[in-house]
Every structure is written in structure tokens, then in C-alpha cells.
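*Asks:* First the structure, then my questions, so here it is.
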Amino acid sequence: MRHKTDCQLSIIEVEQLTKKFGRFTAVDRITFMVGKGEIFGFLGANGAGKTTAMRMLCGLIEPTSGKGFVAGYDIEKQPEMVKKNIGYMSQKFSLYEDLKVWENIRLFAGIYGVNEKLIARKTGETLERIGLTNERNVLVRDLPLGWKQKLAFSVAIFHEPKIVFLDEPTGGVDPITRRRFWEMIYESANRGTTIFVTTHYMDEAEYCNRVSIMVDGRIEALDTPRRLKERFRAGNMDEVFRQLARKT
Amino acid sequence: MIPHAKMLNSQCSILTAFVQKEFYHIFRDIRTVLVIIGIPVFQILIIGFAISTNVKDVKVAVFDPSNDEATNRIINRLNASEYFNVALRLNTISDAEREFKKGKTGLIVIFGENFGENLYHTGDAAVQLLVDASDPNHGQTVASYATGVISDYQRELLRETDIPVRINSEVRMLYNPEMRSAYNFVPGLMGLVFMLICAMMTSVAIVREKETGTMEVLLASPVKPVYIVISKLVPYFIISWFIFILILLLSVFVLDVPVTGSLLWLNVFTLLFIVVGLSLGLLISTIVKTQVAAILASGMGLIMPVMILSGYVFPIESMPPVLQWISGLVPARWFNEGAKKLIIEGAPVRSVLKEMSILLGMAVLILTVSLRNIKARLE
Amino acid sequence: MIIVNCQLISKNFGRVVALKNISLDIEKGEIFGLIGPDGAGKTTLFRILTSLILADSGHATVDGLDVVKDFRELRKRIGYMPGRFSLYQDLSVEENLNFYATVFNTTVEENYHLISDIYRQIEPFKQRRAGKLSGGMKQKLALSCALIHKPTVLFLDEPTTGVDPVSRKEFWEMLKKLKKEGITIVVSTPYMDEARLCDHIALIQHGQILSIASPEKITASFPEKLYQAYSENNYLLLLELRKNPGVKSAFMSGEFLHIVFKDGNVDGNIPNLTEIEPTIEDCFIYLMNRIADGAEILPGSAYN
């Protein structure tokens, strides 16, 4: 089905990836690929298997069967290399609230093995780009939510990963903060970073270039939001999701 | 009248529903239940095995001013039995106390002067048996074996001489408060377990509702907040009582602790202590907001002092005065002292009046403070 | 008839301003939505109206009862479903329902007709522990529990957060049915798209109400013409639009860009440009920006 040449352009390639816990199949033979610089939405209800799938892609758990390549590395055989080449951010936990802004940057950059000199140089650049230069020494817990989010994202891409995983990044956030955050994501994608968003908020899905919708461990639909809405004659992604969930 | 009765009835059914729900919580968390019941059972079994009541080769010291045929025959008999090993002859009576303090001698036999002469001529002689009863169980057995040896000799003498002789063996149990024993352990263990169940588990159970948000719904309902809290106390009160009886039964049947005092007053006294524990749990629950904080507060603030300052691990008499004074604030200390008197010494209730009134005072004080702390709203 | 009335309610937690001069009226029998992001003050307002916390200033009545003075009577009449559903995870569905019925001094049978539609969907699982239910089923059980005493006003704090779209839709249909029973429903949500399901909404942010009106009135009074556009690369298009001197504002909204032009001068070179009706989110952003620009907020009116 796929051609070898795809490998240069695709950052994630997954084929027949399956995870079973005992007799329960959490992820059931999913196949997809995500291209360089793409914003890919990975949707599904709670318990549909998207967290399990994402954990396999991040090299945190081993697949039961099937193949997966992330950033050119085999998720089963080279999970350590996979981890080095990805970034991760979730809305719930990403930064240490009781550390200062620069301490968070330093800590996470250090974890990803960025060398000291580079950290020192890039910290200034990063803070300037997101407009937090004056907040360098502020504790993260004292920052407004929108700023925290910007910082968390910058920290996740500090080591210049080829792909960054975002877990429900903007749930419950006010619309201005949300749209600014998405602008940041788009900017980053435009520079070539692949963005993999897992969410069950359908309004986050509307921002993605392509989305896959998972129901009961299987990918039931995969396309651009516009084409999905056309296909299901739906006004929004919420309705697309509802129709898919009802079918099964 | 009727609306009033109806209201009372509905309040009753609310309480019943709450208590029932609380028991569901408790018994669906089967691991916790096992731990609660397991701790006392396990500890008592350990003590039971660790402190052997098996009497063998007990070291015997003899004070024998008579040193005649009769005393020697008795000493030889003792030595010949598998239970005793006569190791020492004392020169003066005053050595006896010193020997006991060394902790190695289990029995001291003290013959009267002119023992043999008295025996043959008046048919009446006296021997005193001093038994180390720091483990009273063990002491009992030692005493009965020793008197057994002596009465054997008496019967033999009767057969031989046909003279009606009588050896008066007077047994004295020497109780050494500095020594640990199974008996001492039981009240201390009770104090610890009741603090765990009453204070820690109650506070955690109440705070859990704050954490999961169910307290919010209950507060927004017509139920009076004090009902919510009281219904939390009832199950733990019942469980504590059950465990008290369990410990008591285990003590009697596994450790052979002779519970001689009034069972009624022992129960009253223990329930009073349980109430103190429950009110402490309640107090903690009105102050802290998370289960972790409740565990920390009850663990550090209540369980640790019970271990260290109640006389459970370290005897209070040997503490520096400051610590002795502080230990007075620890309810378990008073429970410990009272329960020792009631269980081990079989003392009458009037001898624990002081402990009882202190515990009662504590219960009233803590309960008042914590009931006042209960608010009809979220903080 | 006004059933919930708030007058100049303010509440601070330490230095944090949770609510600032909130005034609003809620009509009997309507669905009233409190729309705003996390931390806007929705939960605090709910807790004040359900007598769980005291406001620093201002006063409020619910069903004619003062939330401070008459709180005992008030608690008999309201239903409240806090954000995290507040179920006993280790009790079964049935036990939860029975327990809450007893708490409210009633029985499941007495008001079964009210919850039957909702409860019937979870009744097959009535032996199951609440902790083992899916998000949607928990939500239904929590709603049944909050309804069991036939409250006059039902307060639902973010009932659809974290629930899948199917259950969300079902939930709003249940609310419509309850409205027919005459129950006033006050519901909070961070989802802007749920606003149009309410009769009236209050947009709330940083403890302040941005606007109160019907959703139609709020979108109708958006003062500008709004356009949408899209291209193969929306980000590049956005950068282009920001440079365009004829564009007043441009921002991303899902797969589209939403654009307002200066003085209504439409620039024809923008791909896939069409005029659209503003969404509640567009209005929310507009109002937030006005506040940021220092505009006064007058309670009870959409655009002053």
C-alpha cells in the first residue's frame, strides 16, 4: 500500500498496530501515517483507546502486534530513541508549578540532554519569542493560564523534536488564550514540527489538518475536518463524532 | 405531636441510611478491613509465640539457713526435675532482691530456720517461694511446678514416716514493673489500634467526602451537617468495640491473660477511650482538607505519641519529667494505666477513677471543640 | 417571574478576585447558561447560590429565599450537581440513588416519574458500582440523584465537561424535557457551542459578566460584519491578513480564519471568503477585547 519514498516525508507510520490487555483489545489494528509539519488530531471518547495508542507511539508501552515508526525509529525496538526525538505536553501536567520559569526550561532541556551552552543561549531566545523575558524569575504557579500554556509548549519543543504530542492542550481555556495557542502551534508546524493532538474536545479537532476518530480501539474515520463534515453531512465535528459513535 | 414524630422518624431513617452507607464503604474496601482486624490479631499471636510459657531449666537460687536432710532432699528433687536447675546458694536473704534484678533467676526458694527439725517434731515447716512474675504467665507455671515438687516430697515423707507432716509453701509473685510482659502489652496494643481505627480512619472517611465532592452535595441538602458527621462515627465505634472484644478473647485464650476485673467496667472504660479517639478523628477532619493530610495529622499527631509516650513502648516512670508531663496529654497513656489496673491487677473501678475522669474530660473537651468546628457551609 | 436574583455579588479568595459585582436575574422555568472558561468564577457563583459559601458583599435569592438567612429551607428546594458528579464510587447505582433520596427525605418511588426517562437508561446497570460507569452514565446517575427530590431550581456545574459528544447531546435533550416539567435549570459550561441550547446566557470571564441576553440577541448585536476564509496553509494566510492594512482583525477559528475588515472594506483577493454569522465564541472574544481595552461593563446588557 505504501511506498518507501513516503518515509522521508512521514514522521509517524503505523501499520496494524494492536495492543491487548488480557482478553481486552484496547487498540485494534490501527494503520495511519502523519506527515512532516502536519497537525494531526487523534480523537476518541474516553476509553476508546487513544491514550493506549499514544503511549505506544511514545515508546512507553510495547505493542502486542503490528509495526510503528516514529521520527524514523521503531517504537518496539528503539523506544529510547523514540523518546529522545519527541516532545510531550498535556494540559494537566507539564510544568513544575513551584519552580521558576527558567528553572522549568532548564530542567526539561536537561532531561532531553540539551547541552548547557545551548540551553543558556536558547532560553533567552525562547523567552523573548513568547514574551516572557521579564517573567524569567517568576514561579510558574503565579503565571496566568495562557502564559503557562505558551511556556509549556515552548518547553516541549525546546530540544527541537521532530514531533510533539499534545494531550488535550486547550480544554477549558478561554477563547482568546485558545486561539493564541493554536497560532503558536501553527507557527511551529510551519517550521516543520509535526503536531500530534489527542483530544476528546471536538472544537480542538476543528483546528487540525487531518483527524482520525477512534471508536472502540479502531480508527473509524480519517480525513480533513472539512471532508469529514461533507461526508457525514454534518455542521461540525461534534456531529461527525456522534454519527460514528452511533454506528457501532 | 404527629408532625414532630414524623420528623423524628425521618431523621432516624436518614441516620440509618448514612450508617448503612458507611458500612458499605468500609466493607467494600476489604483490604482496609483486613488490616484493621489483622493488626491486633497478628500482634497478639506474635506475642503469644514470642513469650513462651514453656517452663524448662529455670534457674533457681536457694537460701537455706537450715541445711539439713529435709532441705537437701527438697533441693535435690528440684534439681532432678527437668524444670529446675539449682544454680546458686544465697548467703543472706537480702541477696534475693539483687538476684531478681539481674533477671536470670526465675525462682528463689527460702527455707525457714531449723526446717528439718520443725518438720519432724512439730510436723509443720515453712518454705517461701519467690517467683519472678514479670511474665506473670510464666511465673504462675513456675510456682505451680515448684509447689508440686514440694508436695511430692511431703507425700513421700508421709509414706516413709507415717508422721502427718505439713510443709507450708508460701508463694510470692514478685512483679517487676520495669520488665516487659505480654500482659502489659495488651492495653498498649489496644490503645494503638483504637487510635488507628477511631482517629485515623474516621478522619480519612470524613475528609474523603470533601475530596470527592460528595460533601458538597450533602451540605447543599437539608441534612444537618452534624448528622453527616455523627453517622461517620457510629460504624467505627461499633468496629472498635468488636475489635476490643476480639483482643480480649485472644488475650484470654492465646496469651492466657486472666481477666479478673469487672468486665462491665472494663467495657465502660474502653468505650470512653474509643469516644476520645473518635472525637480526635472528628477534630482532625474539621481542620484538614485532604486524605493525605488527615493521615499525616493522625499519624504524626496521634499514633506516634501513642507509640512513644503512652507507656506502650517506653515505660513512663523512666522518662525525663518533661516527657512525663507531655505524656499526660496523650489519652492513650491514661487508657494504658487504667486498663492495666482493670485487666491485669483486677483492681476495682474506684482505683481507675482518676484515669476515667481524665478521659471523660478529654472526650467532652475535644468533642465540643470539633462539633463547634463543623460548619453548615464550605470553608 | 424571576426565580433567581443576584445583586452585586462579590467574592474574593485572599487576593484573588473570584466574582466582582455579579448581578443577574433568571426566569422561572428557563434554561440559563453560565458560559465561561475555567477559573472564570462559575463554580464560586454556584456555591453562593446553593448556600455553600458566603459572598463578601451583595445578596441573592433563590425561589424567594435568601441564600444566607433562609439557607435551611433553600436546601430543601434546590438540586445541585457539582463539577465532579459527586457520586459514591464504591456504592452501586441503585445505592447511590436510594441514599440521595433518603438524604432529601423522599423515596425513589415518590418522584420516579421525574427521573424515569434518565434513570431507565442506566437501570440495566443498577448493580454496578458508580466508579465503574462511563462518563456519560455517571452524568445520568448524578442528574437522577440531583432530581430525586423534585427541586424547583436545578444547579448543574459543568455537567458536560469531559463527557463524549454523544452523551453531551443526550444530556441537553434531557434538560429540555426537565424544562417542560417546570424545573428551572441553571447550567454552567466552558463549551461556547452549548450556549445556543440555553434560553438566556451570561458570558463570564475573570469573575465579571461580559454580557447577559439570549444567545440570538448576543450574536445579533455583534457590531461588525464577520467573514471567514481558508486556504491550503491557514497560517501563511493569517500572516498575510495581519499585514493587510484593510483588515481590522484576523484570527484562527478551527479550520477557518475569522476576519473583520476596517470600515467594511472587503478585500476581494482573499481565498474562499464568505460572510458568516458570528458564533458565541466570536462575541466572547470581542467582549473580552473590549474589557481589555478598558470598557466599562454594565450588568444586564449585551453591548454598552
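Chain labels A, B, ... are given in the sequence in which chains occur in the C-alpha cells; within each chain residues are numbered consecutively from 1, and ligands are likewise numbered from 1 in the order shown.
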Would you mind listing, as a list in words, all residues of chain B that have at least one atom within 8 Å of chain C, where only C-alpha atoms are what counts?
*Replies:*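 Putting it all together, I get Ser10, Ser13, Ile14, Ala17, Phe18, Lys21, Tyr24, His25, Arg28, Thr212, Gly213, Thr214, Glu216, Val217, Leu218, Leu219, Ala220, Ser221, Pro222, Val223, Ala376, Arg377, Leu378 and Glu379 of chain B.
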*Asks:* I need the chosen residues saved as a PDB file, in the first residue's frame, with N, CA and C atoms.
*Replies:*
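File out_11.pdb, as written:
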ATOM      1  N   SER B  10     -38.136  10.627  60.268  1.00  0.00           N
ATOM      2  CA  SER B  10     -37.360  10.815  59.049  1.00  0.00           C
ATOM      3  C   SER B  10     -35.889  11.049  59.382  1.00  0.00           C
ATOM      4  N   SER B  13     -34.399   7.726  59.888  1.00  0.00           N
ATOM      5  CA  SER B  13     -34.138   6.963  58.662  1.00  0.00           C
ATOM      6  C   SER B  13     -32.944   7.546  57.920  1.00  0.00           C
ATOM      7  N   ILE B  14     -32.739   8.871  58.034  1.00  0.00           N
ATOM      8  CA  ILE B  14     -31.565   9.477  57.409  1.00  0.00           C
ATOM      9  C   ILE B  14     -30.304   8.937  58.070  1.00  0.00           C
ATOM     10  N   ALA B  17     -29.672   5.446  57.015  1.00  0.00           N
ATOM     11  CA  ALA B  17     -29.139   5.381  55.655  1.00  0.00           C
ATOM     12  C   ALA B  17     -27.664   5.745  55.631  1.00  0.00           C
ATOM     13  N   PHE B  18     -27.297   6.766  56.384  1.00  0.00           N
ATOM     14  CA  PHE B  18     -25.902   7.191  56.439  1.00  0.00           C
ATOM     15  C   PHE B  18     -25.012   6.089  57.014  1.00  0.00           C
ATOM     16  N   LYS B  21     -24.629   3.251  54.618  1.00  0.00           N
ATOM     17  CA  LYS B  21     -23.722   3.644  53.542  1.00  0.00           C
ATOM     18  C   LYS B  21     -22.276   3.570  54.023  1.00  0.00           C
ATOM     19  N   TYR B  24     -21.090   0.105  53.989  1.00  0.00           N
ATOM     20  CA  TYR B  24     -20.772  -0.307  52.612  1.00  0.00           C
ATOM     21  C   TYR B  24     -19.353   0.125  52.262  1.00  0.00           C
ATOM     22  N   HIS B  25     -19.060   1.424  52.559  1.00  0.00           N
ATOM     23  CA  HIS B  25     -17.719   1.935  52.241  1.00  0.00           C
ATOM     24  C   HIS B  25     -16.652   1.066  52.900  1.00  0.00           C
ATOM     25  N   ARG B  28     -16.514  -2.622  51.537  1.00  0.00           N
ATOM     26  CA  ARG B  28     -16.113  -2.776  50.131  1.00  0.00           C
ATOM     27  C   ARG B  28     -14.641  -2.486  49.944  1.00  0.00           C
ATOM     28  N   THR B 212     -13.808  14.062  47.337  1.00  0.00           N
ATOM     29  CA  THR B 212     -14.526  13.595  46.150  1.00  0.00           C
ATOM     30  C   THR B 212     -15.672  14.530  45.782  1.00  0.00           C
ATOM     31  N   GLY B 213     -15.987  15.479  46.636  1.00  0.00           N
ATOM     32  CA  GLY B 213     -17.032  16.440  46.299  1.00  0.00           C
ATOM     33  C   GLY B 213     -18.417  16.038  46.776  1.00  0.00           C
ATOM     34  N   THR B 214     -18.546  14.815  47.331  1.00  0.00           N
ATOM     35  CA  THR B 214     -19.868  14.404  47.799  1.00  0.00           C
ATOM     36  C   THR B 214     -20.311  15.255  48.986  1.00  0.00           C
ATOM     37  N   GLU B 216     -20.057  18.307  49.239  1.00  0.00           N
ATOM     38  CA  GLU B 216     -20.689  19.498  48.691  1.00  0.00           C
ATOM     39  C   GLU B 216     -22.189  19.260  48.483  1.00  0.00           C
ATOM     40  N   VAL B 217     -22.490  18.092  47.938  1.00  0.00           N
ATOM     41  CA  VAL B 217     -23.897  17.776  47.697  1.00  0.00           C
ATOM     42  C   VAL B 217     -24.632  17.601  49.014  1.00  0.00           C
ATOM     43  N   LEU B 218     -23.996  16.928  49.965  1.00  0.00           N
ATOM     44  CA  LEU B 218     -24.650  16.700  51.256  1.00  0.00           C
ATOM     45  C   LEU B 218     -24.901  18.020  51.968  1.00  0.00           C
ATOM     46  N   LEU B 219     -23.936  18.922  51.873  1.00  0.00           N
ATOM     47  CA  LEU B 219     -24.115  20.218  52.531  1.00  0.00           C
ATOM     48  C   LEU B 219     -25.228  21.014  51.864  1.00  0.00           C
ATOM     49  N   ALA B 220     -25.382  20.844  50.559  1.00  0.00           N
ATOM     50  CA  ALA B 220     -26.437  21.563  49.854  1.00  0.00           C
ATOM     51  C   ALA B 220     -27.793  20.884  50.026  1.00  0.00           C
ATOM     52  N   SER B 221     -27.855  19.826  50.821  1.00  0.00           N
ATOM     53  CA  SER B 221     -29.107  19.119  51.066  1.00  0.00           C
ATOM     54  C   SER B 221     -29.644  19.528  52.429  1.00  0.00           C
ATOM     55  N   PRO B 222     -30.890  19.153  52.743  1.00  0.00           N
ATOM     56  CA  PRO B 222     -31.459  19.570  54.032  1.00  0.00           C
ATOM     57  C   PRO B 222     -30.846  18.867  55.250  1.00  0.00           C
ATOM     58  N   VAL B 223     -30.008  17.869  55.043  1.00  0.00           N
ATOM     59  CA  VAL B 223     -29.461  17.137  56.187  1.00  0.00           C
ATOM     60  C   VAL B 223     -28.579  18.049  57.025  1.00  0.00           C
ATOM     61  N   ALA B 376     -21.939  24.682  58.464  1.00  0.00           N
ATOM     62  CA  ALA B 376     -23.038  24.365  57.564  1.00  0.00           C
ATOM     63  C   ALA B 376     -22.682  24.705  56.130  1.00  0.00           C
ATOM     64  N   ARG B 377     -21.498  25.302  55.933  1.00  0.00           N
ATOM     65  CA  ARG B 377     -21.088  25.676  54.574  1.00  0.00           C
ATOM     66  C   ARG B 377     -19.686  25.179  54.313  1.00  0.00           C
ATOM     67  N   LEU B 378     -19.251  25.296  53.057  1.00  0.00           N
ATOM     68  CA  LEU B 378     -17.852  25.019  52.750  1.00  0.00           C
ATOM     69  C   LEU B 378     -17.030  26.159  53.331  1.00  0.00           C
ATOM     70  N   GLU B 379     -15.776  25.887  53.667  1.00  0.00           N
ATOM     71  CA  GLU B 379     -14.960  26.972  54.230  1.00  0.00           C
ATOM     72  C   GLU B 379     -14.705  28.062  53.202  1.00  0.00           C
TER      73      GLU B 379
END
*Asks:* Under the rule of at most 8 Å, produce a per-residue listing of chain A near chain C: chain, number, name, the closest pair of atoms, and the distance in Å, as a tab-separated table, using only C-alpha atoms.
*Replies:*
residue	atom	partner	partner_atom	distance
A:Ala45	CA	C:Asp164	CA	5.4
A:Asn46	CA	C:Asp164	CA	7.2
A:Gly172	CA	C:Asp38	CA	5.3
A:Val173	CA	C:Pro37	CA	5.2
A:Asp174	CA	C:Pro37	CA	4.7
A:Pro175	CA	C:Ile285	CA	6.3
A:Ile176	CA	C:Ile285	CA	6.0
A:Arg179	CA	C:Met252	CA	6.0
A:Trp182	CA	C:Met252	CA	7.5
A:Glu183	CA	C:Met252	CA	7.1
A:Tyr186	CA	C:Tyr235	CA	6.0
A:Glu187	CA	C:Tyr235	CA	6.8
A:Asn190	CA	C:Tyr235	CA	7.4
A:His200	CA	C:Asp164	CA	6.8
A:Met202	CA	C:Pro165	CA	7.9
A:Asp203	CA	C:Gly254	CA	6.9
A:Glu204	CA	C:Gly254	CA	7.2
A:Ala205	CA	C:Gly254	CA	7.5
A:Glu206	CA	C:Gly254	CA	4.3
A:Tyr207	CA	C:Gly254	CA	4.0
A:Cys208	CA	C:Glu255	CA	7.1
A:Asn209	CA	C:Glu255	CA	7.8
A:Pro225	CA	C:Glu255	CA	7.5
A:Arg226	CA	C:Glu255	CA	7.8
A:Asp238	CA	C:Pro165	CA	5.9
A:Glu239	CA	C:Pro165	CA	7.8
A:Phe241	CA	C:Pro165	CA	6.9
A:Arg242	CA	C:Val166	CA	5.2
A:Ala245	CA	C:Val166	CA	7.3
*Asks:* Considering only helix (DSSP H, G or I) as DSSP defines it on the backbone, what residues of range 134-331 of chain B qualify? List them as an NGL selection string.
*Replies:* :B and (136-161 or 182-212 or 214-219 or 225-253 or 263-287 or 291-309 or 316-318 or 321-327 or 331)
*Asks:* Would you pick out the contacts of Gln243 in chain A at 12 Å or less, using only C-alpha atoms, so that residues sharing its chain but fewer than 4 positions from it are not included, and give the list as a PyMOL selection string?
*Replies:* (chain A and resi 213+215+220-221+228-229+231-239+247-248) or (chain C and resi 165-166+169)
*Asks:* Any idea what's packed within 9 Å of Trp334 in chain B, counting only C-alpha atoms, ignoring anything in its chain fewer than 6 positions away? Could you give it as a PyMOL selection string?
*Replies:* chain B and resi 273+310+327-328+354-356+358-359
*Asks:* If you run DSSP on this backbone, which residues of range 86-294 of chain B come out as strand (DSSP E), and could you give them as a VMD selection string?
*Replies:* chain B and resid 86 to 90 107 to 111 124 to 132 166 to 174
*Asks:* When you look at range 145-148 of chain B with a cut-off of 8 Å (counting only C-alpha atoms), what residues show up, excluding the ones that are within fewer than 6 positions of it in the same chain? I need them as a list of chain:residue names.
*Replies:*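 Contacts, with the query itself left out: B:Leu78, B:Tyr83, B:Leu129, B:Ser169.
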*Asks:* Show me, as a PyMOL selection string, the residues that have an atom within 9 Å of range 87-92 of chain B when counting only C-alpha atoms, minus same-chain residues fewer than 5 positions from it.
*Replies:* chain B and resi 59-65+79+105
*Asks:* If we count only C-alpha atoms and set the cut-off at 8 Å, which residues sit around Gly59 in chain A, ignoring sequence neighbours fewer than 4 positions away in its own chain? Please answer as an mmCIF file with N, CA and C atoms, in the first residue's frame.
*Replies:*
data_model
loop_
_atom_site.group_PDB
_atom_site.id
_atom_site.type_symbol
_atom_site.label_atom_id
_atom_site.label_comp_id
_atom_site.auth_asym_id
_atom_site.auth_seq_id
_atom_site.Cartn_x
_atom_site.Cartn_y
_atom_site.Cartn_z
ATOM 1 N N ARG A 55 0.530 6.112 23.991
ATOM 2 C CA ARG A 55 1.632 5.589 24.806
ATOM 3 C C ARG A 55 2.539 4.669 24.009
ATOM 4 N N ILE A 75 9.181 1.796 17.241
ATOM 5 C CA ILE A 75 8.696 2.004 18.613
ATOM 6 C C ILE A 75 8.871 0.769 19.483
ATOM 7 N N GLU A 76 9.022 -0.402 18.832
ATOM 8 C CA GLU A 76 9.169 -1.614 19.618
ATOM 9 C C GLU A 76 10.636 -1.856 19.965
ATOM 10 N N GLN A 78 13.363 0.428 19.340
ATOM 11 C CA GLN A 78 14.194 1.574 19.730
ATOM 12 C C GLN A 78 13.398 2.605 20.543
ATOM 13 N N PRO A 79 12.706 2.155 21.578
ATOM 14 C CA PRO A 79 11.859 3.117 22.303
ATOM 15 C C PRO A 79 12.665 4.283 22.887
ATOM 16 N N GLU A 80 13.940 4.028 23.253
ATOM 17 C CA GLU A 80 14.735 5.108 23.849
ATOM 18 C C GLU A 80 15.007 6.206 22.819
ATOM 19 N N VAL A 82 13.081 6.832 20.252
ATOM 20 C CA VAL A 82 11.796 7.497 20.032
ATOM 21 C C VAL A 82 11.612 8.597 21.069
ATOM 22 N N LYS A 83 11.856 8.251 22.341
ATOM 23 C CA LYS A 83 11.628 9.215 23.428
ATOM 24 C C LYS A 83 12.501 10.453 23.260
#
